[in-house]
Amino acid sequence: MATMATTAVQTSSVGVPLRITLQRVERRRKLRAFGLVLPLLLFIVIAFVMPIGRMMFDAVHDDTLLVLMPKTTAALSVWDGKDLPDESAYAALAGDLKEAWSQKTAGRIGERMNYELSGVASEVKSSARKASMLSAGPYKAAMIDISSIWGQREVWSLLKRGRSAYTAFYLLRSADFQYGPESQIVASPPENAIFRDIFLRTLGISIGVTAATLLLGFPLAYLLATLPARTSNLLMMAILTSFFTSVLVRTTAWVVLLQDHGLINETLMALHILSQPAELIFNRFGTVLAMTHIQLPFTLLPIYSVMKSISPSHVRAARSLGAGPFYAFWKVYFPQTLPGIAAGCLLTFILCLGYYITPALVGGPGDMMVSNFVATYTNEQLNWGMASALGAILLTATLLLYFVFNKLVGLDQIRMG
Amino acid sequence: MDLRPGLKKPQGGDCPLVGGVPVATHAPGSLKQTCVNDAFVKFSGIQKTYDGETLVVKNLNLDIAQGEFLTMLGPSGSGKTTTLMMLAGFEVPTQGSILLGGRSIGGMPPHKRDIGMVFQNYALFPHMTVEENLAFPLKVRKLGKPEIEVRVKRALDMVRLGVQSKRRPGQLSGGQQQRVALARALVFEPNLVLMDEPLGALDKQLREEMQLEIKHIHDNLGITVVYVTHDQGEALTMSDRIAVFNDGVIQQLATPAELYERPQNPFVAQFIGENNRLNGKVIALNGTTCTVEIPGAGNVQALAVNVEMVGRPTVLSLRPERVKLNPTPGSLPNVFSARVAEVIYLGDHVRVRMSVGGRDDFVVKLSNSEGVAHVEPGAAMTVGWRAEDCRALAAS
């Protein structure tokens, strides 16, 4: 002790104040800590922040028309949008289409325009082929002659909107809106207005699954937390075993069980309880059932670990103070499990919002969730703009719900255990 | 301070606590309970087993008078907490009955017993403020809001925690939490309060402070307290009577002074206070005294407490502070030569370990009141004690 005291005095007498010495030591410690988290930080930035940022960007960014039809979009800057554009715009269009035909980009232009105006893709392509054979103007009549779409105002409105590399089209479409002939925002026609339903359905299924896992998981967690260690360990193994199997296998197992000639229907019919198979799968029931099965441990485990930490003496104390068994549970035990319930439900709810494989396998056409459409747009239709817009809205909605949850419950209340 | 002005602590009552020495009986043939009828709490023939093989509590008979402060003292696993939990209603006796205020509470659930309880780890509800914790038993009893407020305030003032009422238990110190737990167990004015090692988690100084505080509250309110502890100092400080538990059996039930001065068996002698144990054999029995032969040392005159006949082995119990160094020859019946093995200075007294009659665990306590007699390790001297201070107990 004596030598330590002397050292401290000497250090400060040398001229280095104690505060600076402390800062130096602390800085070294912080650097070491930062070095340890650096790999994870890099991984998160590369594998998480960058793709998500790119996706959010793609939801509002599309420069197809600006890049592939530079002359037309430039010529349309002076167009007032009331009548058809003048000859110079048509000349620019013909020039751009000729260029597109030689560069073989007419297909991409057609596809991009087709997103907004259904059925124009083939017209654009054939126009490009025919325009490549035009030698001299006047182009206006010639182009309208090649395809009637060039005489339609909404086509020109679309091309004029292409002047900007940023478009709200994908986001509008995801919320069942679109641009009208004068670039005004109008509701999508019924055949395109499917996305609000999809979002609501995704929300509904997620809430349903969360509620089901809570109803099933809470009593089970209570049982696990109160049973003697030997029995509860055995039960816990049984619960965790389902983690050893992949989600795909578990979902397929439900198909085997629930299909028309599956185990359950066959049994019920053999027992003459049913005369014909019940529809248990490829509908909402099957989807919620299979998702509940997969999500149950995610809701249960945080609740269990919080319950484990609640001292049994609390309920005893409540009982000794005059509370009946139910009152003691409800007023003393249950409130203490809320952090676990909040954590488990939030976890399950957010995971459910992004479910893809289960609805795809055991759901019907009416059970497809947002992620299924994101997958379709990404893999089949190659419409990354729509995929990004749907993803961005889902992400924003999730963050919003998270924020509301934080305001209501408080994230500091959450305990994963 | 007084939560129930109407109820005063009964003084003495019909059940003499010291004179008659109400002793718990276990084995047939030992002293019968002298005071039976007006016992407030009555355990009769209680047995408890968890596994169906070993008894945690063996044939327990115990009467507790109204207004009494009774402590169950014993090492861990001695059955004292189990006994308390059976009284609280959290454990069910395997056999026997418990009467509370003359009524059997066998099938009564804990919340109907109206027994206040202070738990080992306080068991305060962490999601409620101090005030809400105290209001809990009153809300359960459906008292009016103004009434609840008045009672909570009075209880908080009693434990001097008025300013902390809006805090959560987690924001309080251990001592404060302990006070809240105490106030919560008292706020609904139960006649009986159970305490399960409530001071175990506190440091020594705070523990001693709280011991006195609990004792004063007990004196002021006139409630009956059953207190469980393994700390003999705590038991001696607070209790009217102490039941010493070991191995599921009450070894002795007596007042603190009685317990220390006149232990009935070697376990009690050893457990309460420090004690020199000398194993020997009774060679002569004459009335209240006897002569015991200690192998390697010689004969000792001792008080015959429960030695039955000559020839039986016995254990002599001798308090270290009753031993005199270098007594005047002839003044004491028991004088032996000794050699100092170790001297430990403890402030208020000096503890001297000596070798006497071939054993070197003979301890003598010398008070520091008039300056410590100079003893050096290795010094040869004589030690002596009176026959009355040396109790010959039945060897277990």
# chains A, B, ... in the order shown; residues from 1 in each chain; ligands from 1

$ interface_residues --of "chain A" --to "chain B" --cutoff "6 Å" --atoms "only C-alpha atoms" --output "ChimeraX atom specification"
/A:313-314,319-324

$ select_by_dssp --residues "region 64-154 of chain A" --states "helix (DSSP H, G or I)" --output "PyMOL selection string"
chain A and resi 64-68+70-78+87-103+106-116+121-131+139-146+148-151+153-154

$ residues_around --residues "Leu248 (chain A)" --least-positions-apart "3" --cutoff "10 Å" --atoms "only C-alpha atoms" --output "list in words"
Thr245, Thr251, Thr252, Ala253, Ile357, Thr358 and Leu361 of chain A

$ closest_residue --among "A:Val45, A:Ala360, A:Leu76, A:Met269" --to "Arg161 (chain A)" --atoms "only C-alpha atoms"
A:Leu76

$ select_by_dssp --residues "region 56-199 of chain B" --states "strand (DSSP E)" --output "MDAnalysis selection string"
chainID B and resid 56:64 69:73 95:100 103:104 115:118 192:196

$ write_last_selection --atoms "C-alpha atoms" --output "compact mmCIF listing (two decimals), in the first residue's frame"
# COMPACT_ATOMS: atom_id res chain seq x y z
CA VAL B 56 -37.35 -33.20 8.40
CA VAL B 57 -39.45 -32.46 11.46
CA LYS B 58 -39.91 -35.23 13.99
CA ASN B 59 -42.91 -35.22 16.32
CA LEU B 60 -42.92 -31.52 17.09
CA ASN B 61 -44.96 -30.20 20.01
CA LEU B 62 -44.69 -26.49 20.65
CA ASP B 63 -46.93 -23.89 22.26
CA ILE B 64 -46.48 -20.21 21.59
CA PHE B 69 -41.33 -13.40 20.70
CA LEU B 70 -40.26 -16.94 19.97
CA THR B 71 -37.14 -17.74 18.01
CA MET B 72 -36.46 -21.00 16.24
CA LEU B 73 -32.72 -21.32 16.28
CA GLN B 95 -48.87 -35.65 10.33
CA GLY B 96 -50.17 -33.68 13.28
CA SER B 97 -52.15 -30.51 13.65
CA ILE B 98 -51.48 -26.80 14.06
CA LEU B 99 -53.87 -24.62 16.02
CA LEU B 100 -53.93 -20.86 15.62
CA ARG B 103 -58.71 -23.12 15.55
CA SER B 104 -57.11 -25.79 13.41
CA ILE B 115 -50.25 -14.13 9.25
CA GLY B 116 -47.69 -11.47 8.38
CA MET B 117 -44.44 -12.79 7.01
CA VAL B 118 -41.01 -11.33 6.39
CA LEU B 192 -48.91 -13.23 14.26
CA VAL B 193 -45.81 -12.27 12.30
CA LEU B 194 -43.33 -14.82 10.99
CA MET B 195 -39.80 -13.86 10.11
CA ASP B 196 -37.55 -16.17 8.13

$ closest_residue --among "B:Gly296, B:Ala341, B:Pro266, B:Gly311" --to "Ala394 (chain B)" --atoms "only C-alpha atoms"
B:Pro266

$ residues_around --residues "Glu208 (chain B)" --least-positions-apart "6" --cutoff "10 Å" --atoms "only C-alpha atoms" --output "ChimeraX atom specification"
/B:199,202,233-234,237

$ closest_residue --among "A:Val315, A:Leu400, A:Leu224, A:Leu203" --to "Tyr355 (chain A)" --atoms "only C-alpha atoms"
A:Leu203

$ residues_around --residues "Arg151 (chain B)" --least-positions-apart "2" --cutoff "9 Å" --atoms "only C-alpha atoms" --output "PyMOL selection string"
chain B and resi 3+134-135+138+146-149+153-156+187-188

$ closest_residue --among "B:Leu316, B:Leu278, B:Val356, B:Ile214" --to "Tyr227 (chain B)" --atoms "only C-alpha atoms"
B:Ile214

$ residues_around --residues "Leu332 (chain B)" --least-positions-apart "5" --cutoff "8 Å" --atoms "only C-alpha atoms" --output "VMD selection string"
chain B and resid 327 384 to 386

$ write_last_selection --atoms "N, CA and C atoms" --output "short mmCIF file (atom, residue, chain, number, x, y, z; two decimals), in the first residue's frame"
data_model
loop_
_atom_site.label_atom_id
_atom_site.label_comp_id
_atom_site.auth_asym_id
_atom_site.auth_seq_id
_atom_site.Cartn_x
_atom_site.Cartn_y
_atom_site.Cartn_z
N PRO B 327 -6.11 -20.11 40.49
CA PRO B 327 -6.98 -19.84 41.64
C PRO B 327 -6.23 -20.08 42.94
N GLY B 384 -8.92 -23.38 37.28
CA GLY B 384 -9.90 -23.97 38.18
C GLY B 384 -11.29 -23.44 37.91
N TRP B 385 -12.30 -24.21 38.30
CA TRP B 385 -13.68 -23.75 38.15
C TRP B 385 -14.57 -24.38 39.19
N ARG B 386 -15.74 -23.75 39.39
CA ARG B 386 -16.68 -24.22 40.40
C ARG B 386 -17.44 -25.43 39.87
#

$ residues_around --residues "Gly110 (chain A)" --least-positions-apart "5" --cutoff "12 Å" --atoms "only C-alpha atoms" --output "PyMOL selection string"
chain A and resi 64-65+68-69+97+100-101+104-105+115-128+149+155+158-159

$ write_last_selection --atoms "N, CA and C atoms" --output "PDB file, in the first residue's frame"
ATOM      1  N   THR A  64     -33.694   4.276 -66.078  1.00  0.00           N
ATOM      2  CA  THR A  64     -33.739   3.543 -67.344  1.00  0.00           C
ATOM      3  C   THR A  64     -34.038   4.489 -68.522  1.00  0.00           C
ATOM      4  N   LEU A  65     -35.140   5.234 -68.376  1.00  0.00           N
ATOM      5  CA  LEU A  65     -35.553   6.100 -69.491  1.00  0.00           C
ATOM      6  C   LEU A  65     -34.564   7.241 -69.694  1.00  0.00           C
ATOM      7  N   LEU A  68     -31.508   5.568 -71.410  1.00  0.00           N
ATOM      8  CA  LEU A  68     -31.712   4.928 -72.717  1.00  0.00           C
ATOM      9  C   LEU A  68     -32.444   5.829 -73.714  1.00  0.00           C
ATOM     10  N   MET A  69     -33.156   6.828 -73.240  1.00  0.00           N
ATOM     11  CA  MET A  69     -33.826   7.741 -74.157  1.00  0.00           C
ATOM     12  C   MET A  69     -33.452   9.177 -73.821  1.00  0.00           C
ATOM     13  N   LEU A  97     -35.053   5.781 -80.539  1.00  0.00           N
ATOM     14  CA  LEU A  97     -35.473   4.409 -80.856  1.00  0.00           C
ATOM     15  C   LEU A  97     -34.512   3.752 -81.832  1.00  0.00           C
ATOM     16  N   ALA A 100     -31.650   2.809 -79.838  1.00  0.00           N
ATOM     17  CA  ALA A 100     -32.003   1.653 -78.993  1.00  0.00           C
ATOM     18  C   ALA A 100     -32.014   0.372 -79.817  1.00  0.00           C
ATOM     19  N   TRP A 101     -32.511   0.456 -81.056  1.00  0.00           N
ATOM     20  CA  TRP A 101     -32.557  -0.741 -81.904  1.00  0.00           C
ATOM     21  C   TRP A 101     -31.153  -1.230 -82.207  1.00  0.00           C
ATOM     22  N   LYS A 104     -29.670  -2.666 -79.087  1.00  0.00           N
ATOM     23  CA  LYS A 104     -30.481  -3.752 -78.532  1.00  0.00           C
ATOM     24  C   LYS A 104     -30.974  -3.447 -77.108  1.00  0.00           C
ATOM     25  N   THR A 105     -31.373  -2.207 -76.885  1.00  0.00           N
ATOM     26  CA  THR A 105     -31.891  -1.852 -75.560  1.00  0.00           C
ATOM     27  C   THR A 105     -33.389  -1.565 -75.607  1.00  0.00           C
ATOM     28  N   TYR A 115     -44.216  -1.430 -67.078  1.00  0.00           N
ATOM     29  CA  TYR A 115     -44.547  -1.419 -65.643  1.00  0.00           C
ATOM     30  C   TYR A 115     -45.705  -0.474 -65.386  1.00  0.00           C
ATOM     31  N   GLU A 116     -45.658   0.674 -66.075  1.00  0.00           N
ATOM     32  CA  GLU A 116     -46.643   1.703 -65.771  1.00  0.00           C
ATOM     33  C   GLU A 116     -47.836   1.637 -66.705  1.00  0.00           C
ATOM     34  N   LEU A 117     -47.595   1.248 -67.956  1.00  0.00           N
ATOM     35  CA  LEU A 117     -48.685   1.156 -68.929  1.00  0.00           C
ATOM     36  C   LEU A 117     -48.702  -0.256 -69.484  1.00  0.00           C
ATOM     37  N   SER A 118     -49.594  -1.020 -69.000  1.00  0.00           N
ATOM     38  CA  SER A 118     -49.621  -2.425 -69.357  1.00  0.00           C
ATOM     39  C   SER A 118     -49.834  -2.605 -70.863  1.00  0.00           C
ATOM     40  N   GLY A 119     -49.051  -3.440 -71.484  1.00  0.00           N
ATOM     41  CA  GLY A 119     -49.262  -3.790 -72.888  1.00  0.00           C
ATOM     42  C   GLY A 119     -48.473  -2.988 -73.888  1.00  0.00           C
ATOM     43  N   VAL A 120     -47.634  -2.032 -73.422  1.00  0.00           N
ATOM     44  CA  VAL A 120     -46.899  -1.218 -74.394  1.00  0.00           C
ATOM     45  C   VAL A 120     -45.560  -1.831 -74.784  1.00  0.00           C
ATOM     46  N   ALA A 121     -45.126  -2.873 -74.080  1.00  0.00           N
ATOM     47  CA  ALA A 121     -43.776  -3.404 -74.321  1.00  0.00           C
ATOM     48  C   ALA A 121     -43.566  -3.810 -75.771  1.00  0.00           C
ATOM     49  N   SER A 122     -44.507  -4.590 -76.309  1.00  0.00           N
ATOM     50  CA  SER A 122     -44.305  -5.090 -77.672  1.00  0.00           C
ATOM     51  C   SER A 122     -44.399  -3.955 -78.681  1.00  0.00           C
ATOM     52  N   GLU A 123     -45.278  -2.966 -78.389  1.00  0.00           N
ATOM     53  CA  GLU A 123     -45.408  -1.818 -79.297  1.00  0.00           C
ATOM     54  C   GLU A 123     -44.100  -1.035 -79.357  1.00  0.00           C
ATOM     55  N   VAL A 124     -43.472  -0.851 -78.198  1.00  0.00           N
ATOM     56  CA  VAL A 124     -42.216  -0.104 -78.166  1.00  0.00           C
ATOM     57  C   VAL A 124     -41.151  -0.835 -78.971  1.00  0.00           C
ATOM     58  N   LYS A 125     -41.111  -2.150 -78.760  1.00  0.00           N
ATOM     59  CA  LYS A 125     -40.096  -2.944 -79.485  1.00  0.00           C
ATOM     60  C   LYS A 125     -40.289  -2.858 -80.993  1.00  0.00           C
ATOM     61  N   SER A 126     -41.536  -3.040 -81.441  1.00  0.00           N
ATOM     62  CA  SER A 126     -41.763  -3.009 -82.891  1.00  0.00           C
ATOM     63  C   SER A 126     -41.560  -1.603 -83.425  1.00  0.00           C
ATOM     64  N   SER A 127     -41.908  -0.577 -82.609  1.00  0.00           N
ATOM     65  CA  SER A 127     -41.669   0.796 -83.035  1.00  0.00           C
ATOM     66  C   SER A 127     -40.185   1.016 -83.278  1.00  0.00           C
ATOM     67  N   ALA A 128     -39.365   0.472 -82.384  1.00  0.00           N
ATOM     68  CA  ALA A 128     -37.925   0.663 -82.514  1.00  0.00           C
ATOM     69  C   ALA A 128     -37.416   0.031 -83.800  1.00  0.00           C
ATOM     70  N   ILE A 149     -49.601   4.114 -79.965  1.00  0.00           N
ATOM     71  CA  ILE A 149     -49.269   4.546 -78.592  1.00  0.00           C
ATOM     72  C   ILE A 149     -48.587   5.908 -78.606  1.00  0.00           C
ATOM     73  N   VAL A 155     -48.556   8.116 -72.606  1.00  0.00           N
ATOM     74  CA  VAL A 155     -47.238   7.588 -72.965  1.00  0.00           C
ATOM     75  C   VAL A 155     -46.192   8.705 -72.887  1.00  0.00           C
ATOM     76  N   LEU A 158     -45.456   9.628 -69.337  1.00  0.00           N
ATOM     77  CA  LEU A 158     -44.525   8.656 -68.763  1.00  0.00           C
ATOM     78  C   LEU A 158     -43.096   8.980 -69.179  1.00  0.00           C
ATOM     79  N   LEU A 159     -42.929   9.275 -70.479  1.00  0.00           N
ATOM     80  CA  LEU A 159     -41.575   9.590 -70.954  1.00  0.00           C
ATOM     81  C   LEU A 159     -41.061  10.867 -70.302  1.00  0.00           C
TER      82      LEU A 159
END

$ atom_distance --atom1 "CA of Leu285 (chain B)" --atom2 "CA of Pro333 (chain B)"
15.6 Å

$ atom_distance --atom1 "CA of Val244 (chain B)" --atom2 "CA of Arg262 (chain B)"
13.2 Å

$ atom_distance --atom1 "CA of Gln336 (chain A)" --atom2 "CA of Met307 (chain A)"
7.9 Å

$ decode --residues "region 109-147 of chain B" --atoms "N, CA and C atoms" --output "mmCIF file, in the first residue's frame"
data_model
loop_
_atom_site.group_PDB
_atom_site.id
_atom_site.type_symbol
_atom_site.label_atom_id
_atom_site.label_comp_id
_atom_site.auth_asym_id
_atom_site.auth_seq_id
_atom_site.Cartn_x
_atom_site.Cartn_y
_atom_site.Cartn_z
ATOM 1 N N PRO B 109 -55.837 -22.222 3.386
ATOM 2 C CA PRO B 109 -54.789 -21.715 2.492
ATOM 3 C C PRO B 109 -54.078 -20.508 3.122
ATOM 4 N N PRO B 110 -52.835 -20.244 2.688
ATOM 5 C CA PRO B 110 -52.019 -19.211 3.339
ATOM 6 C C PRO B 110 -52.712 -17.849 3.415
ATOM 7 N N HIS B 111 -53.467 -17.496 2.357
ATOM 8 C CA HIS B 111 -53.986 -16.129 2.337
ATOM 9 C C HIS B 111 -55.155 -15.929 3.292
ATOM 10 N N LYS B 112 -55.659 -17.014 3.850
ATOM 11 C CA LYS B 112 -56.770 -16.859 4.801
ATOM 12 C C LYS B 112 -56.273 -16.867 6.243
ATOM 13 N N ARG B 113 -54.974 -17.083 6.440
ATOM 14 C CA ARG B 113 -54.473 -17.266 7.803
ATOM 15 C C ARG B 113 -54.225 -15.961 8.535
ATOM 16 N N ASP B 114 -54.107 -14.858 7.753
ATOM 17 C CA ASP B 114 -53.876 -13.562 8.375
ATOM 18 C C ASP B 114 -52.591 -13.551 9.194
ATOM 19 N N ILE B 115 -51.555 -14.097 8.591
ATOM 20 C CA ILE B 115 -50.250 -14.128 9.253
ATOM 21 C C ILE B 115 -49.313 -13.257 8.435
ATOM 22 N N GLY B 116 -48.678 -12.287 9.080
ATOM 23 C CA GLY B 116 -47.689 -11.474 8.385
ATOM 24 C C GLY B 116 -46.398 -12.249 8.263
ATOM 25 N N MET B 117 -45.686 -12.023 7.149
ATOM 26 C CA MET B 117 -44.444 -12.788 7.010
ATOM 27 C C MET B 117 -43.359 -11.924 6.392
ATOM 28 N N VAL B 118 -42.170 -12.009 6.955
ATOM 29 C CA VAL B 118 -41.010 -11.334 6.394
ATOM 30 C C VAL B 118 -40.078 -12.423 5.870
ATOM 31 N N PHE B 119 -39.741 -12.318 4.578
ATOM 32 C CA PHE B 119 -38.969 -13.389 3.947
ATOM 33 C C PHE B 119 -37.480 -13.082 4.005
ATOM 34 N N GLN B 120 -36.730 -14.149 3.811
ATOM 35 C CA GLN B 120 -35.279 -14.085 3.874
ATOM 36 C C GLN B 120 -34.710 -13.020 2.925
ATOM 37 N N ASN B 121 -35.219 -13.006 1.687
ATOM 38 C CA ASN B 121 -34.715 -12.020 0.717
ATOM 39 C C ASN B 121 -35.719 -10.896 0.520
ATOM 40 N N TYR B 122 -36.495 -10.619 1.546
ATOM 41 C CA TYR B 122 -37.485 -9.544 1.621
ATOM 42 C C TYR B 122 -38.711 -9.791 0.759
ATOM 43 N N ALA B 123 -38.514 -10.366 -0.475
ATOM 44 C CA ALA B 123 -39.633 -10.644 -1.372
ATOM 45 C C ALA B 123 -40.513 -9.421 -1.596
ATOM 46 N N LEU B 124 -39.875 -8.260 -1.748
ATOM 47 C CA LEU B 124 -40.645 -7.069 -2.123
ATOM 48 C C LEU B 124 -40.985 -7.177 -3.595
ATOM 49 N N PHE B 125 -42.158 -6.648 -3.973
ATOM 50 C CA PHE B 125 -42.560 -6.735 -5.372
ATOM 51 C C PHE B 125 -41.807 -5.668 -6.165
ATOM 52 N N PRO B 126 -40.934 -6.106 -7.080
ATOM 53 C CA PRO B 126 -40.044 -5.133 -7.721
ATOM 54 C C PRO B 126 -40.769 -4.171 -8.668
ATOM 55 N N HIS B 127 -41.963 -4.561 -9.118
ATOM 56 C CA HIS B 127 -42.651 -3.699 -10.080
ATOM 57 C C HIS B 127 -43.567 -2.692 -9.390
ATOM 58 N N MET B 128 -43.551 -2.692 -8.064
ATOM 59 C CA MET B 128 -44.382 -1.728 -7.346
ATOM 60 C C MET B 128 -43.495 -0.802 -6.529
ATOM 61 N N THR B 129 -43.987 0.408 -6.280
ATOM 62 C CA THR B 129 -43.246 1.317 -5.408
ATOM 63 C C THR B 129 -43.395 0.835 -3.967
ATOM 64 N N VAL B 130 -42.632 1.459 -3.091
ATOM 65 C CA VAL B 130 -42.694 1.113 -1.673
ATOM 66 C C VAL B 130 -44.132 1.247 -1.179
ATOM 67 N N GLU B 131 -44.755 2.365 -1.573
ATOM 68 C CA GLU B 131 -46.124 2.639 -1.162
ATOM 69 C C GLU B 131 -47.076 1.543 -1.641
ATOM 70 N N GLU B 132 -46.928 1.166 -2.913
ATOM 71 C CA GLU B 132 -47.814 0.138 -3.481
ATOM 72 C C GLU B 132 -47.586 -1.211 -2.824
ATOM 73 N N ASN B 133 -46.322 -1.484 -2.493
ATOM 74 C CA ASN B 133 -46.024 -2.724 -1.782
ATOM 75 C C ASN B 133 -46.786 -2.778 -0.462
ATOM 76 N N LEU B 134 -46.778 -1.646 0.237
ATOM 77 C CA LEU B 134 -47.441 -1.614 1.542
ATOM 78 C C LEU B 134 -48.960 -1.634 1.398
ATOM 79 N N ALA B 135 -49.433 -1.025 0.288
ATOM 80 C CA ALA B 135 -50.885 -0.971 0.103
ATOM 81 C C ALA B 135 -51.441 -2.320 -0.333
ATOM 82 N N PHE B 136 -50.547 -3.191 -0.840
ATOM 83 C CA PHE B 136 -51.021 -4.470 -1.412
ATOM 84 C C PHE B 136 -51.926 -5.265 -0.468
ATOM 85 N N PRO B 137 -51.472 -5.574 0.754
ATOM 86 C CA PRO B 137 -52.346 -6.378 1.625
ATOM 87 C C PRO B 137 -53.637 -5.649 1.981
ATOM 88 N N LEU B 138 -53.610 -4.314 1.966
ATOM 89 C CA LEU B 138 -54.808 -3.556 2.310
ATOM 90 C C LEU B 138 -55.793 -3.559 1.151
ATOM 91 N N LYS B 139 -55.244 -3.475 -0.087
ATOM 92 C CA LYS B 139 -56.111 -3.528 -1.270
ATOM 93 C C LYS B 139 -56.781 -4.889 -1.362
ATOM 94 N N VAL B 140 -56.000 -5.931 -1.072
ATOM 95 C CA VAL B 140 -56.571 -7.278 -1.097
ATOM 96 C C VAL B 140 -57.758 -7.359 -0.146
ATOM 97 N N ARG B 141 -57.623 -6.661 0.993
ATOM 98 C CA ARG B 141 -58.697 -6.693 1.986
ATOM 99 C C ARG B 141 -59.778 -5.678 1.698
ATOM 100 N N LYS B 142 -59.676 -5.023 0.520
ATOM 101 C CA LYS B 142 -60.702 -4.104 0.027
ATOM 102 C C LYS B 142 -60.982 -2.958 0.999
ATOM 103 N N LEU B 143 -59.913 -2.385 1.547
ATOM 104 C CA LEU B 143 -60.085 -1.216 2.392
ATOM 105 C C LEU B 143 -60.276 0.017 1.516
ATOM 106 N N GLY B 144 -60.881 1.059 2.080
ATOM 107 C CA GLY B 144 -61.094 2.297 1.327
ATOM 108 C C GLY B 144 -59.778 3.023 1.096
ATOM 109 N N LYS B 145 -59.765 3.862 0.057
ATOM 110 C CA LYS B 145 -58.537 4.545 -0.316
ATOM 111 C C LYS B 145 -57.976 5.417 0.804
ATOM 112 N N PRO B 146 -58.806 6.260 1.431
ATOM 113 C CA PRO B 146 -58.254 7.110 2.502
ATOM 114 C C PRO B 146 -57.691 6.293 3.656
ATOM 115 N N GLU B 147 -58.379 5.216 3.980
ATOM 116 C CA GLU B 147 -57.933 4.320 5.052
ATOM 117 C C GLU B 147 -56.572 3.718 4.706
#
